[in-house]
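Structure file coords_11.pdb (PDB, C-alpha atoms) follows.
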ATOM      1  CA  MET A  46     132.961  57.748 123.038  1.00  0.00           C
ATOM      2  CA  ASP A  47     131.668  55.156 120.592  1.00  0.00           C
ATOM      3  CA  LEU A  48     132.006  56.182 116.916  1.00  0.00           C
ATOM      4  CA  PRO A  49     129.872  54.471 114.244  1.00  0.00           C
ATOM      5  CA  HIS A  50     131.621  51.697 112.360  1.00  0.00           C
ATOM      6  CA  VAL A  51     130.875  53.436 109.029  1.00  0.00           C
ATOM      7  CA  LEU A  52     133.748  55.818 109.720  1.00  0.00           C
ATOM      8  CA  PHE A  53     136.149  52.892 110.137  1.00  0.00           C
ATOM      9  CA  GLY A  54     134.617  50.503 107.606  1.00  0.00           C
ATOM     10  CA  THR A  55     135.428  49.601 104.047  1.00  0.00           C
ATOM     11  CA  LEU A  56     135.689  51.964 101.101  1.00  0.00           C
ATOM     12  CA  ARG A  57     132.103  51.104 100.138  1.00  0.00           C
ATOM     13  CA  ASP A  58     130.886  52.360 103.502  1.00  0.00           C
ATOM     14  CA  HIS A  59     132.813  55.603 103.062  1.00  0.00           C
ATOM     15  CA  TYR A  60     131.297  56.136  99.597  1.00  0.00           C
ATOM     16  CA  LEU A  61     127.829  55.469 100.983  1.00  0.00           C
ATOM     17  CA  LEU A  62     128.340  58.133 103.627  1.00  0.00           C
ATOM     18  CA  LEU A  63     129.959  60.600 101.206  1.00  0.00           C
ATOM     19  CA  PHE A  64     127.368  60.305  98.413  1.00  0.00           C
ATOM     20  CA  GLY A  65     124.485  60.263 100.865  1.00  0.00           C
ATOM     21  CA  ALA A  66     125.713  63.516 102.434  1.00  0.00           C
ATOM     22  CA  ALA A  67     126.257  65.074  98.997  1.00  0.00           C
ATOM     23  CA  GLY A  68     122.736  64.084  97.914  1.00  0.00           C
ATOM     24  CA  ILE A  69     121.170  65.523 101.040  1.00  0.00           C
ATOM     25  CA  PHE A  70     123.178  68.738 100.621  1.00  0.00           C
ATOM     26  CA  GLY A  71     122.082  69.070  96.962  1.00  0.00           C
ATOM     27  CA  LEU A  72     118.452  68.396  97.819  1.00  0.00           C
ATOM     28  CA  GLY A  73     118.537  70.978 100.594  1.00  0.00           C
ATOM     29  CA  ALA A  74     120.153  73.614  98.365  1.00  0.00           C
ATOM     30  CA  GLY A  75     117.584  72.959  95.635  1.00  0.00           C
ATOM     31  CA  LEU A  76     114.645  73.208  98.019  1.00  0.00           C
ATOM     32  CA  LEU A  77     115.998  76.409  99.567  1.00  0.00           C
ATOM     33  CA  GLY A  78     116.585  77.974  96.138  1.00  0.00           C
ATOM     34  CA  ALA A  79     113.123  77.038  94.914  1.00  0.00           C
ATOM     35  CA  TRP A  80     111.493  78.412  98.049  1.00  0.00           C
ATOM     36  CA  LEU A  81     113.435  81.688  97.892  1.00  0.00           C
ATOM     37  CA  GLY A  82     112.737  82.084  94.174  1.00  0.00           C
ATOM     38  CA  ALA A  83     109.021  81.529  94.630  1.00  0.00           C
ATOM     39  CA  ARG A  84     108.850  83.902  97.592  1.00  0.00           C
ATOM     40  CA  PHE A  85     110.771  86.770  96.007  1.00  0.00           C
ATOM     41  CA  GLY A  86     109.172  86.190  92.585  1.00  0.00           C
ATOM     42  CA  THR A  87     105.698  86.421  94.069  1.00  0.00           C
ATOM     43  CA  ARG A  88     106.592  89.583  95.966  1.00  0.00           C
ATOM     44  CA  ALA A  89     108.000  91.212  92.840  1.00  0.00           C
ATOM     45  CA  ALA A  90     104.944  90.227  90.795  1.00  0.00           C
ATOM     46  CA  LEU A  91     102.543  91.608  93.353  1.00  0.00           C
ATOM     47  CA  ARG A  92     104.567  94.786  93.785  1.00  0.00           C
ATOM     48  CA  GLY A  93     104.763  95.352  90.027  1.00  0.00           C
ATOM     49  CA  GLY A  94     101.039  94.814  89.567  1.00  0.00           C
ATOM     50  CA  VAL A  95     101.269  92.081  86.962  1.00  0.00           C
ATOM     51  CA  THR A  96      97.901  91.785  85.287  1.00  0.00           C
ATOM     52  CA  ASN A  97      96.628  90.521  81.991  1.00  0.00           C
ATOM     53  CA  THR A  98      96.326  93.550  79.796  1.00  0.00           C
ATOM     54  CA  VAL A  99      94.978  93.806  76.287  1.00  0.00           C
ATOM     55  CA  ALA A 100      98.333  95.129  75.054  1.00  0.00           C
ATOM     56  CA  GLY A 101     100.028  91.901  76.061  1.00  0.00           C
ATOM     57  CA  LEU A 102      97.564  89.636  74.296  1.00  0.00           C
ATOM     58  CA  ALA A 103      97.341  88.941  70.590  1.00  0.00           C
ATOM     59  CA  THR A 104      94.848  91.171  68.850  1.00  0.00           C
ATOM     60  CA  GLN A 105      92.259  90.102  66.315  1.00  0.00           C
ATOM     61  CA  ALA A 106      94.312  91.695  63.522  1.00  0.00           C
ATOM     62  CA  ASP A 107      97.334  89.591  64.446  1.00  0.00           C
ATOM     63  CA  ILE A 108      95.273  86.406  64.472  1.00  0.00           C
ATOM     64  CA  ARG A 109      93.659  87.292  61.118  1.00  0.00           C
ATOM     65  CA  ALA A 110      97.091  87.959  59.548  1.00  0.00           C
ATOM     66  CA  LEU A 111      98.374  84.651  60.878  1.00  0.00           C
ATOM     67  CA  GLY A 112      95.351  82.851  59.411  1.00  0.00           C
ATOM     68  CA  ASP A 113      95.918  84.494  56.008  1.00  0.00           C
ATOM     69  CA  ASP A 114      99.575  83.403  56.004  1.00  0.00           C
ATOM     70  CA  PHE A 115      98.570  79.880  56.918  1.00  0.00           C
ATOM     71  CA  HIS A 116      95.965  79.813  54.143  1.00  0.00           C
ATOM     72  CA  GLY A 117      98.625  80.880  51.617  1.00  0.00           C
ATOM     73  CA  LEU A 118     100.895  78.103  52.810  1.00  0.00           C
ATOM     74  CA  LEU A 119      98.112  75.543  52.399  1.00  0.00           C
ATOM     75  CA  ILE A 120      97.526  76.676  48.800  1.00  0.00           C
ATOM     76  CA  GLU A 121     101.216  76.230  47.960  1.00  0.00           C
ATOM     77  CA  VAL A 122     101.281  72.748  49.496  1.00  0.00           C
ATOM     78  CA  GLU A 123      98.218  71.791  47.440  1.00  0.00           C
ATOM     79  CA  ARG A 124      99.952  73.006  44.255  1.00  0.00           C
ATOM     80  CA  ILE A 125     102.991  70.871  45.018  1.00  0.00           C
ATOM     81  CA  ALA A 126     100.799  67.834  45.690  1.00  0.00           C
ATOM     82  CA  GLU A 127      98.911  68.407  42.424  1.00  0.00           C
ATOM     83  CA  GLY A 128     102.192  68.508  40.503  1.00  0.00           C
ATOM     84  CA  GLN A 129     103.320  65.267  42.106  1.00  0.00           C
ATOM     85  CA  ARG A 130     100.035  63.572  41.234  1.00  0.00           C
ATOM     86  CA  PHE A 131     100.337  64.739  37.613  1.00  0.00           C
ATOM     87  CA  LEU A 132     103.900  63.461  37.343  1.00  0.00           C
ATOM     88  CA  ALA A 133     102.927  60.086  38.805  1.00  0.00           C
ATOM     89  CA  LYS A 134     100.054  59.839  36.319  1.00  0.00           C
ATOM     90  CA  VAL A 135     102.317  60.651  33.344  1.00  0.00           C
ATOM     91  CA  LEU A 136     104.908  58.105  34.442  1.00  0.00           C
ATOM     92  CA  ALA A 137     102.237  55.451  34.941  1.00  0.00           C
ATOM     93  CA  GLU A 138     100.737  56.044  31.477  1.00  0.00           C
ATOM     94  CA  ARG A 139     104.016  55.628  29.625  1.00  0.00           C
ATOM     95  CA  SER A 140     103.902  52.876  27.043  1.00  0.00           C
ATOM     96  CA  GLU A 141     107.389  51.637  27.891  1.00  0.00           C
ATOM     97  CA  PRO A 142     107.366  50.215  31.407  1.00  0.00           C
ATOM     98  CA  ALA A 143     110.888  48.866  30.869  1.00  0.00           C
ATOM     99  CA  ALA A 144     112.180  52.428  30.564  1.00  0.00           C
ATOM    100  CA  LEU A 145     111.278  53.058  34.203  1.00  0.00           C
ATOM    101  CA  ALA A 146     112.998  49.937  35.522  1.00  0.00           C
ATOM    102  CA  SER A 147     116.734  49.967  36.056  1.00  0.00           C
ATOM    103  CA  PRO A 148     118.844  47.492  34.099  1.00  0.00           C
ATOM    104  CA  PRO A 149     119.769  44.286  35.925  1.00  0.00           C
ATOM    105  CA  PRO A 150     123.138  44.338  37.661  1.00  0.00           C
ATOM    106  CA  ARG A 151     126.033  42.909  35.707  1.00  0.00           C
ATOM    107  CA  SER A 152     128.723  40.735  37.199  1.00  0.00           C
ATOM    108  CA  ARG A 153     132.149  42.323  37.573  1.00  0.00           C
ATOM    109  CA  ARG A 154     133.994  39.078  37.007  1.00  0.00           C
ATOM    110  CA  GLU A 155     133.761  36.246  34.549  1.00  0.00           C
ATOM    111  CA  PRO A 156     131.798  33.219  35.716  1.00  0.00           C
ATOM    112  CA  GLY A 157     134.005  30.449  37.014  1.00  0.00           C
ATOM    113  CA  THR A 158     136.941  32.616  38.107  1.00  0.00           C
ATOM    114  CA  VAL A 159     138.034  32.487  41.738  1.00  0.00           C
ATOM    115  CA  THR A 160     138.614  35.718  43.568  1.00  0.00           C
ATOM    116  CA  PRO A 161     141.508  35.896  46.051  1.00  0.00           C
ATOM    117  CA  HIS A 162     140.517  36.222  49.689  1.00  0.00           C
TER     118      HIS A 162
END
Render the structure in this file as structure tokens.
Amino acid sequence: MDLPHVLFGTLRDHYLLLFGAAGIFGLGAGLLGAWLGARFGTRAALRGGVTNTVAGLATQADIRALGDDFHGLLIEVERIAEGQRFLAKVLAERSEPAALASPPPRSRREPGTVTPH
């Protein structure tokens, strides 16, 4: 009886065998689960008579109400944008441009003094 040298090899060979077997086992379990889920899901759907009914779809009234809500939202956004444009215009027309600018930074220490490091 001649056993493969992977069983008697280095630790790397053992990890290769172990992780390869685990990967194949996971792949097989995933494929089996997907196949069973598709098979039983299809059977249940056909048995239950799943069809597209009008009750399940959005009605014209729902779509119209959604459009009205969206239109109201657009009006509010336009009002906010108009207010921002007005404020920018007022700030730009001010006669004192220096009032908008921040004062220059002031030094915290006297010139010529050495700070300890």
message: Please report the interatomic distance between CA of Val135 in chain A and CA of Gly117 in chain A in Å with one decimal.
response: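 CA of Val135 in chain A sits 27.5 Å away from CA of Gly117 in chain A.
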For CA of Ser147 in chain A and CA of Val159 in chain A, the interatomic separation in Å (one decimal): 28.1 Å
Length of the CA of Ala110 in chain A to CA of Val122 in chain A vector [Å]: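 Computed distance, CA of Ala110 in chain A to CA of Val122 in chain A, equals 18.7 Å.
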